[in-house]
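J.: Pasting a structure below so you can have a look.
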Amino acid sequence: MARIENWLPKAVLDSPEYRIARTHRSAGSPHNERQEFLGDALLGLVISDFLCQRFPDVPEGDLSRLRAHLVCGTMLAKLAESAEMDQLLIAEASSASRSRARRAMAGNALEAVIAAVYQVCGLEEVRTFILRLYDQALKELPPLESLRSAKTELQELLQARGRERARYTLLKERPKHSPRFEVLCEVKDPKVQTRGTGNRIREAEQNAAAAAIADIQRKRPKWTS
């Protein structure tokens, strides 16, 4: 990906909105937090519209997961790094000294730049900018199956057949110095009780849900065929 300034219209580069978009709050006011808010909304709109057109038959749940994958902080930080956004930040040195913090700041600034493009040039220009920014990511979308968590997959499996949601119960927790959780996942119909463990409760729930799906596949093979 080219440096981000190579893609921006001259009107944006020369604008006060662009300078604000690159300014972290540690460098004083005006800073880019309000633009981050606006840029986040614009990014969600453009990506949602793209996904709806690209996948006309994909259900809402899968579209939401694809959008979440594309607009998450990790993706923004990755795009910002490729576009050399971190080199354009205006921030107090101590606030940007750690690499992880600087990556997050660059991702937030990227959202603010999206807002600046909109403020200066309008919606069509910002749409063009976002799709160019995301060009490679949109060509390399992950399989839908890889974005579904086990809990979500189990819930959708049961809902599609009019069954009650699964219930999760915390069974065991080790002392804080060595946390380990055990969770029971219960499904009424078909009757399934599975357990999962993990270093976090969420991890234990996901493992219990994955075991429940495997059990349902054995008991109701037509459900998952």
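Letters A, B, ... go to the chains of the structure tokens in the order shown; residues in each chain start at 1; ligands are counted from 1 in the same order.
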As a PDB file with C-alpha atoms, in the first residue's frame, please: the residues near segment 193-208 of chain A (cut-off 9 Å, only C-alpha atoms, same-chain neighbours under 5 positions excluded).
T.:
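Here's the written file part.pdb:
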ATOM      1  CA  SER A 149     -17.819 -18.339  17.173  1.00  0.00           C
ATOM      2  CA  ALA A 150     -18.974 -21.687  18.525  1.00  0.00           C
ATOM      3  CA  LYS A 151     -21.523 -19.973  20.790  1.00  0.00           C
ATOM      4  CA  TYR A 168     -24.133 -21.832  30.295  1.00  0.00           C
ATOM      5  CA  THR A 169     -23.239 -22.436  33.951  1.00  0.00           C
ATOM      6  CA  LEU A 170     -19.878 -21.765  35.593  1.00  0.00           C
ATOM      7  CA  SER A 178      -3.726 -19.848  38.314  1.00  0.00           C
ATOM      8  CA  PRO A 179      -7.142 -19.121  36.847  1.00  0.00           C
ATOM      9  CA  ARG A 180      -8.897 -21.964  35.108  1.00  0.00           C
ATOM     10  CA  PHE A 181     -12.617 -22.104  34.480  1.00  0.00           C
ATOM     11  CA  GLU A 182     -15.002 -24.949  33.718  1.00  0.00           C
ATOM     12  CA  VAL A 183     -18.387 -24.271  32.136  1.00  0.00           C
ATOM     13  CA  LEU A 184     -21.397 -26.516  31.549  1.00  0.00           C
ATOM     14  CA  CYS A 185     -23.383 -26.022  28.337  1.00  0.00           C
ATOM     15  CA  GLU A 186     -26.933 -27.404  28.394  1.00  0.00           C
ATOM     16  CA  VAL A 187     -29.304 -27.835  25.453  1.00  0.00           C
ATOM     17  CA  LYS A 188     -32.870 -29.050  26.064  1.00  0.00           C
ATOM     18  CA  ILE A 213     -22.253 -28.763  18.382  1.00  0.00           C
ATOM     19  CA  ASP A 215     -22.718 -33.840  20.135  1.00  0.00           C
TER      20      ASP A 215
END
J.: Show me, as a PyMOL selection string, the residues that have an atom within 9 Å of Asn32 of chain A when counting only C-alpha atoms, minus same-chain residues fewer than 4 positions from it.
T.: chain A and resi 17+19-25+36-37+108-109+112-113
J.: Any chance you could export the current selection's all heavy atoms as a short mmCIF file (atom, residue, chain, number, x, y, z; two decimals), in the first residue's frame?
T.:
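What landed in out_10.cif:
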data_model
loop_
_atom_site.label_atom_id
_atom_site.label_comp_id
_atom_site.auth_asym_id
_atom_site.auth_seq_id
_atom_site.Cartn_x
_atom_site.Cartn_y
_atom_site.Cartn_z
N GLU A 17 -8.84 20.41 8.57
CA GLU A 17 -9.45 19.14 8.99
C GLU A 17 -8.43 18.00 8.96
O GLU A 17 -8.45 17.12 9.84
CB GLU A 17 -10.63 18.79 8.08
CG GLU A 17 -11.87 19.63 8.29
CD GLU A 17 -11.83 20.94 7.50
OE1 GLU A 17 -10.81 21.20 6.81
OE2 GLU A 17 -12.82 21.69 7.56
N ARG A 19 -5.13 18.28 9.35
CA ARG A 19 -4.18 18.43 10.47
C ARG A 19 -4.82 17.95 11.78
O ARG A 19 -4.19 17.25 12.57
CB ARG A 19 -3.73 19.88 10.61
CG ARG A 19 -2.77 20.06 11.80
CD ARG A 19 -2.22 21.47 11.91
NE ARG A 19 -1.39 21.60 13.11
CZ ARG A 19 -0.14 21.19 13.21
NH1 ARG A 19 0.45 20.63 12.17
NH2 ARG A 19 0.54 21.32 14.34
N ILE A 20 -6.06 18.31 11.99
CA ILE A 20 -6.76 17.86 13.21
C ILE A 20 -6.86 16.35 13.23
O ILE A 20 -6.69 15.71 14.27
CB ILE A 20 -8.15 18.51 13.29
CG1 ILE A 20 -8.03 20.02 13.47
CG2 ILE A 20 -8.96 17.90 14.44
CD1 ILE A 20 -9.35 20.76 13.34
N ALA A 21 -7.13 15.74 12.07
CA ALA A 21 -7.27 14.29 11.98
C ALA A 21 -6.01 13.56 12.42
O ALA A 21 -6.06 12.43 12.92
CB ALA A 21 -7.63 13.88 10.55
N ARG A 22 -4.86 14.18 12.25
CA ARG A 22 -3.59 13.56 12.62
C ARG A 22 -3.16 13.89 14.05
O ARG A 22 -2.13 13.41 14.51
CB ARG A 22 -2.50 14.01 11.64
CG ARG A 22 -2.74 13.53 10.22
CD ARG A 22 -1.64 13.96 9.28
NE ARG A 22 -1.64 15.38 9.02
CZ ARG A 22 -0.64 16.22 9.30
NH1 ARG A 22 0.47 15.76 9.87
NH2 ARG A 22 -0.72 17.49 9.01
N THR A 23 -3.94 14.70 14.75
CA THR A 23 -3.54 15.21 16.06
C THR A 23 -4.17 14.40 17.20
O THR A 23 -5.39 14.39 17.37
CB THR A 23 -3.93 16.69 16.21
OG1 THR A 23 -3.35 17.44 15.15
CG2 THR A 23 -3.44 17.23 17.54
N HIS A 24 -3.32 13.75 17.96
CA HIS A 24 -3.77 13.01 19.15
C HIS A 24 -4.05 13.99 20.28
O HIS A 24 -3.45 15.07 20.35
CB HIS A 24 -2.69 12.01 19.56
CG HIS A 24 -3.09 11.12 20.69
ND1 HIS A 24 -2.62 11.29 21.98
CD2 HIS A 24 -3.92 10.04 20.73
CE1 HIS A 24 -3.14 10.36 22.76
NE2 HIS A 24 -3.93 9.60 22.03
N ARG A 25 -4.93 13.61 21.19
CA ARG A 25 -5.31 14.52 22.27
C ARG A 25 -4.13 14.92 23.14
O ARG A 25 -4.14 15.97 23.78
CB ARG A 25 -6.41 13.90 23.12
CG ARG A 25 -6.01 12.67 23.91
CD ARG A 25 -7.18 12.13 24.71
NE ARG A 25 -7.73 13.14 25.59
CZ ARG A 25 -8.90 13.02 26.21
NH1 ARG A 25 -9.64 11.95 26.03
NH2 ARG A 25 -9.32 13.97 27.02
N GLU A 36 -12.76 10.87 14.79
CA GLU A 36 -12.76 9.41 14.91
C GLU A 36 -14.20 8.90 14.97
O GLU A 36 -14.55 7.90 14.33
CB GLU A 36 -12.03 8.96 16.17
CG GLU A 36 -10.53 9.10 16.13
CD GLU A 36 -9.92 8.72 17.47
OE1 GLU A 36 -10.43 7.76 18.09
OE2 GLU A 36 -8.98 9.38 17.91
N PHE A 37 -15.02 9.56 15.75
CA PHE A 37 -16.43 9.19 15.89
C PHE A 37 -17.13 9.24 14.54
O PHE A 37 -17.84 8.30 14.15
CB PHE A 37 -17.11 10.14 16.88
CG PHE A 37 -18.60 10.02 16.95
CD1 PHE A 37 -19.20 8.97 17.63
CD2 PHE A 37 -19.41 10.97 16.33
CE1 PHE A 37 -20.58 8.86 17.68
CE2 PHE A 37 -20.79 10.86 16.37
CZ PHE A 37 -21.37 9.80 17.06
N ASN A 108 -6.72 4.88 14.96
CA ASN A 108 -7.74 5.88 15.27
C ASN A 108 -7.61 7.10 14.36
O ASN A 108 -8.60 7.67 13.90
CB ASN A 108 -7.61 6.32 16.73
CG ASN A 108 -7.96 5.21 17.70
OD1 ASN A 108 -8.69 4.29 17.36
ND2 ASN A 108 -7.45 5.29 18.91
N ALA A 109 -6.36 7.49 14.10
CA ALA A 109 -6.13 8.63 13.21
C ALA A 109 -6.61 8.34 11.79
O ALA A 109 -7.09 9.23 11.09
CB ALA A 109 -4.66 9.01 13.21
N ALA A 112 -10.09 9.13 11.63
CA ALA A 112 -10.25 10.59 11.59
C ALA A 112 -9.97 11.15 10.21
O ALA A 112 -10.63 12.10 9.76
CB ALA A 112 -9.33 11.23 12.63
N VAL A 113 -8.99 10.57 9.51
CA VAL A 113 -8.70 11.01 8.15
C VAL A 113 -9.89 10.74 7.23
O VAL A 113 -10.23 11.53 6.35
CB VAL A 113 -7.42 10.33 7.61
CG1 VAL A 113 -7.26 10.57 6.11
CG2 VAL A 113 -6.21 10.84 8.35
#
J.: With a distance cut-off of 10 Å and only C-alpha atoms, select the neighbouring residues of segment 51-60 of chain A, excluding the residue or stretch itself and same-chain residues fewer than 6 positions from it, and output the selection as an NGL selection string.
T.: :A and (66-67 or 138 or 144)
J.: With N, CA and C atoms retained, write the just-selected residues as an mmCIF file, in the first residue's frame.
T.:
data_model
loop_
_atom_site.group_PDB
_atom_site.id
_atom_site.type_symbol
_atom_site.label_atom_id
_atom_site.label_comp_id
_atom_site.auth_asym_id
_atom_site.auth_seq_id
_atom_site.Cartn_x
_atom_site.Cartn_y
_atom_site.Cartn_z
ATOM 1 N N LEU A 66 -18.680 -10.126 8.971
ATOM 2 C CA LEU A 66 -17.712 -9.644 7.985
ATOM 3 C C LEU A 66 -17.372 -8.176 8.230
ATOM 4 N N ARG A 67 -18.407 -7.379 8.501
ATOM 5 C CA ARG A 67 -18.168 -5.958 8.773
ATOM 6 C C ARG A 67 -17.306 -5.782 10.021
ATOM 7 N N LEU A 138 -10.539 -6.461 0.996
ATOM 8 C CA LEU A 138 -11.810 -6.897 0.407
ATOM 9 C C LEU A 138 -11.607 -8.040 -0.584
ATOM 10 N N LEU A 144 -16.692 -17.363 5.695
ATOM 11 C CA LEU A 144 -17.684 -17.001 6.699
ATOM 12 C C LEU A 144 -17.612 -17.923 7.916
#
J.: Ala115 of chain A: which residues within 7 Å, counting only C-alpha atoms, same-chain residues fewer than 3 positions away excluded, as a list in words?
T.: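 Result of the neighbour search: Gln35, Leu38, Gly39, Glu111, Ala112, Tyr118 and Gln119 of chain A.
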J.: Enumerate the residues of segment 25-184 of chain A with a DSSP assignment of strand (DSSP E or B), computed from the backbone, and present them as JSON, numbers by chain.
T.: {"A": [90, 167, 168, 169, 170, 171, 172, 173, 181, 182, 183, 184]}
J.: Deliver the residues from the most recent selection as a file, using N, CA, C and O atoms, as a compact mmCIF listing (two decimals), in the first residue's frame.
T.:
# COMPACT_ATOMS: atom_id res chain seq x y z
N ILE A 90 0.60 13.55 15.03
CA ILE A 90 1.03 14.67 15.85
C ILE A 90 0.64 14.31 17.28
O ILE A 90 -0.55 14.30 17.63
N ARG A 167 -27.90 -22.96 27.63
CA ARG A 167 -27.64 -22.31 28.91
C ARG A 167 -26.22 -22.65 29.37
O ARG A 167 -25.79 -23.81 29.27
N TYR A 168 -25.51 -21.64 29.86
CA TYR A 168 -24.13 -21.83 30.30
C TYR A 168 -24.03 -21.59 31.81
O TYR A 168 -24.54 -20.59 32.32
N THR A 169 -23.38 -22.52 32.50
CA THR A 169 -23.24 -22.44 33.95
C THR A 169 -21.77 -22.60 34.33
O THR A 169 -21.12 -23.57 33.91
N LEU A 170 -21.25 -21.66 35.11
CA LEU A 170 -19.88 -21.76 35.59
C LEU A 170 -19.81 -22.80 36.70
O LEU A 170 -20.51 -22.71 37.70
N LEU A 171 -18.96 -23.81 36.52
CA LEU A 171 -18.85 -24.90 37.48
C LEU A 171 -17.66 -24.75 38.42
O LEU A 171 -17.77 -24.93 39.62
N LYS A 172 -16.51 -24.45 37.88
CA LYS A 172 -15.30 -24.43 38.69
C LYS A 172 -14.41 -23.24 38.31
O LYS A 172 -14.35 -22.83 37.16
N GLU A 173 -13.74 -22.75 39.33
CA GLU A 173 -12.75 -21.70 39.11
C GLU A 173 -11.59 -21.93 40.08
O GLU A 173 -11.79 -22.06 41.29
N PHE A 181 -11.18 -22.03 34.33
CA PHE A 181 -12.62 -22.10 34.48
C PHE A 181 -13.17 -23.35 33.80
O PHE A 181 -12.63 -23.81 32.79
N GLU A 182 -14.27 -23.85 34.34
CA GLU A 182 -15.00 -24.95 33.72
C GLU A 182 -16.46 -24.54 33.62
O GLU A 182 -17.06 -24.08 34.58
N VAL A 183 -17.02 -24.70 32.41
CA VAL A 183 -18.39 -24.27 32.14
C VAL A 183 -19.20 -25.44 31.60
O VAL A 183 -18.70 -26.24 30.80
N LEU A 184 -20.45 -25.51 32.05
CA LEU A 184 -21.40 -26.52 31.55
C LEU A 184 -22.31 -25.86 30.54
O LEU A 184 -22.88 -24.79 30.79
J.: Any chance you could list, as a VMD selection string, the residues in segment 30-188 of chain A that come up helix (DSSP H, G or I) when DSSP is run on the backbone?
T.: chain A and resid 33 to 54 60 to 71 73 to 82 85 to 88 93 to 96 99 to 121 123 to 133 135 to 139 144 to 147 150 to 159
J.: With distances taken over only C-alpha atoms, which of A:Ala41, A:Leu88, A:Lys191, A:Ser146 is nearest to Arg163 of chain A?
T.: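 Nearest candidate to Arg163 of chain A out of A:Ala41, A:Leu88, A:Lys191, A:Ser146: A:Lys191.
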J.: Which residue out of A:Arg218, A:Arg103, A:Arg65, A:Arg165 has the minimum interatomic distance to Ala77 of chain A when only C-alpha atoms are used?
T.: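 Using only C-alpha atoms, Ala77 of chain A sits closest to A:Arg103.
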J.: Find the residue from A:Val192, A:Leu147, A:Leu141, A:Val117 that sits nearest to Ala166 of chain A; use only C-alpha atoms when measuring.
T.: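 Distance minimum relative to Ala166 of chain A lands on A:Val192.
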J.: One number please: atom CA of Val71 of chain A to atom CA of Gly107 of chain A, in Å, one decimal.
T.: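 Interatomic distance here is 10.2 Å.
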J.: Between A:Met85, A:Ala209, A:Cys72, A:Leu45, which one has atoms that come closest to Gln155 of chain A, using only C-alpha atoms?
T.: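 Looking at the shortest contact to Gln155 of chain A, the residue is A:Ala209.
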J.: May I ask which of the residues A:Pro221, A:Arg132, A:Asp62, A:Ala137 is the closest one to Lys78 of chain A, counting only C-alpha atoms?
T.: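 The closest residue to Lys78 of chain A is A:Ala137.
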J.: Using only C-alpha atoms, which residues sit within 10 Å of Leu79 of chain A once same-chain residues fewer than 2 positions away are excluded, as a list in words?
T.: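 What passes the distance filter is Met1, Ile4, Gly73, Thr74, Met75, Leu76, Ala77, Glu81, Ser82, Ala83, Glu84, Met85, Arg103, Ala106, Gly107, Leu110, Leu133, Tyr134, Gln136 and Ala137 of chain A.
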J.: Choose the residue, out of A:Gly162, A:Gly28, A:Pro190, A:Gly122, that has the smallest atom-to-atom separation from Val12 of chain A; count only C-alpha atoms.
T.: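 Among the listed residues, A:Gly122 lies closest to Val12 of chain A.
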J.: Quick check, in Å to one decimal: how far apart do atom CA of Glu124 of chain A and atom CA of His69 of chain A lie?
T.: 23.3 Å
